[in-house]
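One structure is given here, and the rest of the page talks about it.
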Amino acid sequence: MSGSHVVTITPERPDTLESVALIRELDEHLATRYPAASRHGFSVDRLLAQGVAFFLLRLDGLPVGCGGLLLVGHEYGEVKRMWVRPAFRGAGFGRQMLDHLADVARDSGVSMLRLETGIHQHEAIALYEASGFVRIPPFGPYTDDPVSLCYERQLT
């Protein structure tokens with residue numbers, strides 16, 4: 001987006017109306033592509049219970065994307081609930097959110113980001129790989145799943 005548009009990324013509780021709407025859209029999108037056993041996204045309650053730092057990206061005040069960061073000790077930060085509404089893709093918002101989450105991880109003393117995504121998330125995979133993420137074997141709670149991909153990125 002160019003011109004006089006204002007893009008902001010701000011911390012937000014995952015249980016606000018705007019956050020819930022974005023998470024619901026993401027869940028609906030994933031439900032059309034993956035069986036329930038292969039969908040690993042945290043519920044709003046779990047985001048809160050696990051202390052996931054959650055953020056909304058807004059364009060001129062309109063929420064167009066979200067993303068969260070789960071700190072796993074000082075070992076790594078896991079990207080959670082990353083989503084940009086389809087109408088707003090291609091404008092760099094996903095990269096802006098990833099950069100923001102990387103900054104939050106660094107500020108928290110973590111030097112690596114990890115994530116899990118699905119094989120049908122072609123736009124997400126392209127974004128992650130273009131942002132320096134490399135494929136890794138399943139980590140943490142993830143198991144070998146034919147529709148699941150895991151990635152990590154060292155932060156400098």
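All residue names refer to the structure tokens as shown: chains lettered A, B, ... in order, residues numbered from 1 in each chain, ligands numbered from 1 in order.
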
Per-residue DSSP, range 49-132 of chain A, filtered to strand (DSSP E), as a PyMOL selection string: chain A and resi 53-59+62-72+76-84+112-118

Based on DSSP run over this structure's backbone, return all residues of range 60-123 of chain A in alpha helix (DSSP H), as a ChimeraX atom specification. /A:93-107,122-123

Export of prior selection with C-alpha atoms as a short mmCIF file (atom, residue, chain, number, x, y, z; two decimals), in the first residue's frame:
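Result written to again_23.cif:
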data_model
loop_
_atom_site.label_atom_id
_atom_site.label_comp_id
_atom_site.auth_asym_id
_atom_site.auth_seq_id
_atom_site.Cartn_x
_atom_site.Cartn_y
_atom_site.Cartn_z
CA PHE A 93 1.61 -7.07 5.52
CA GLY A 94 2.64 -10.67 6.24
CA ARG A 95 6.31 -9.71 6.07
CA GLN A 96 5.67 -6.72 8.33
CA MET A 97 4.03 -8.98 10.91
CA LEU A 98 6.86 -11.53 10.71
CA ASP A 99 9.43 -8.75 11.17
CA HIS A 100 7.47 -7.46 14.16
CA LEU A 101 7.31 -10.92 15.74
CA ALA A 102 11.06 -11.35 15.16
CA ASP A 103 11.68 -8.02 16.93
CA VAL A 104 9.52 -9.10 19.87
CA ALA A 105 11.42 -12.41 20.06
CA ARG A 106 14.81 -10.64 19.99
CA ASP A 107 13.66 -8.18 22.66
CA HIS A 122 1.27 -21.82 -0.69
CA GLU A 123 1.30 -18.07 -0.04
#

Selection near Val147 in chain A, 8 Å with only C-alpha atoms, sequence-local residues under 3 positions removed, as a list in words: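 After dropping sequence-adjacent residues, the list is Tyr34, Ser38, Gly118, Ile119 and His120 of chain A.
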
Neighbouring residues of Gln154 in chain A were defined as those with any atom within 8 Å, considering only C-alpha atoms; residues of the same chain fewer than 5 positions away were excluded. Please report them as an mmCIF file with C-alpha atoms, in the first residue's frame.
data_model
loop_
_atom_site.group_PDB
_atom_site.id
_atom_site.type_symbol
_atom_site.label_atom_id
_atom_site.label_comp_id
_atom_site.auth_asym_id
_atom_site.auth_seq_id
_atom_site.Cartn_x
_atom_site.Cartn_y
_atom_site.Cartn_z
ATOM 1 C CA SER A 111 17.404 -15.891 18.816
ATOM 2 C CA MET A 112 15.264 -18.304 16.792
ATOM 3 C CA LEU A 113 11.733 -18.349 15.391
ATOM 4 C CA PHE A 133 12.878 -19.651 7.165
#

In terms of the shortest atom-to-atom distance over only C-alpha atoms, which of A:Leu149, A:Met82, A:Val7, A:Leu22 is closest to Gly61 in chain A?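 With only C-alpha atoms as the atom set, the closest residue is A:Val7.
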
Pick out the residues sitting within 12 Å of range 48-56 of chain A, and hand them over as JSON, numbers by chain; count only C-alpha atoms, and ignore anything fewer than 6 positions along from it in its own chain. {"A": [7, 8, 9, 10, 11, 12, 13, 14, 15, 16, 17, 18, 19, 20, 21, 22, 23, 41, 42, 62, 63, 64, 65, 66, 67, 68, 69, 70, 71, 72, 77, 78, 79, 80, 81, 82, 83, 84, 85, 93, 94, 96, 97, 98, 100, 101, 102, 104, 105, 108]}

Which residue, A:Arg58, A:His74, A:Arg46, A:Arg39, has the smallest gap to Tyr142 in chain A when you use only C-alpha atoms?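 Among A:Arg58, A:His74, A:Arg46, A:Arg39, it is A:Arg39 that comes nearest to Tyr142 in chain A.
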
When you count only C-alpha atoms, which of these residues is closest to Leu30 in chain A: A:Gln121, A:Tyr76, A:Arg135, A:Ala87?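 Under the stated criterion, the closest residue is A:Gln121.
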
Nearest to Arg24 in chain A among A:Ala37, A:Arg153, A:Ala126, A:Val44, with distances taken over only C-alpha atoms: which residue is it?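 Looking at the shortest contact to Arg24 in chain A, the residue is A:Val44.
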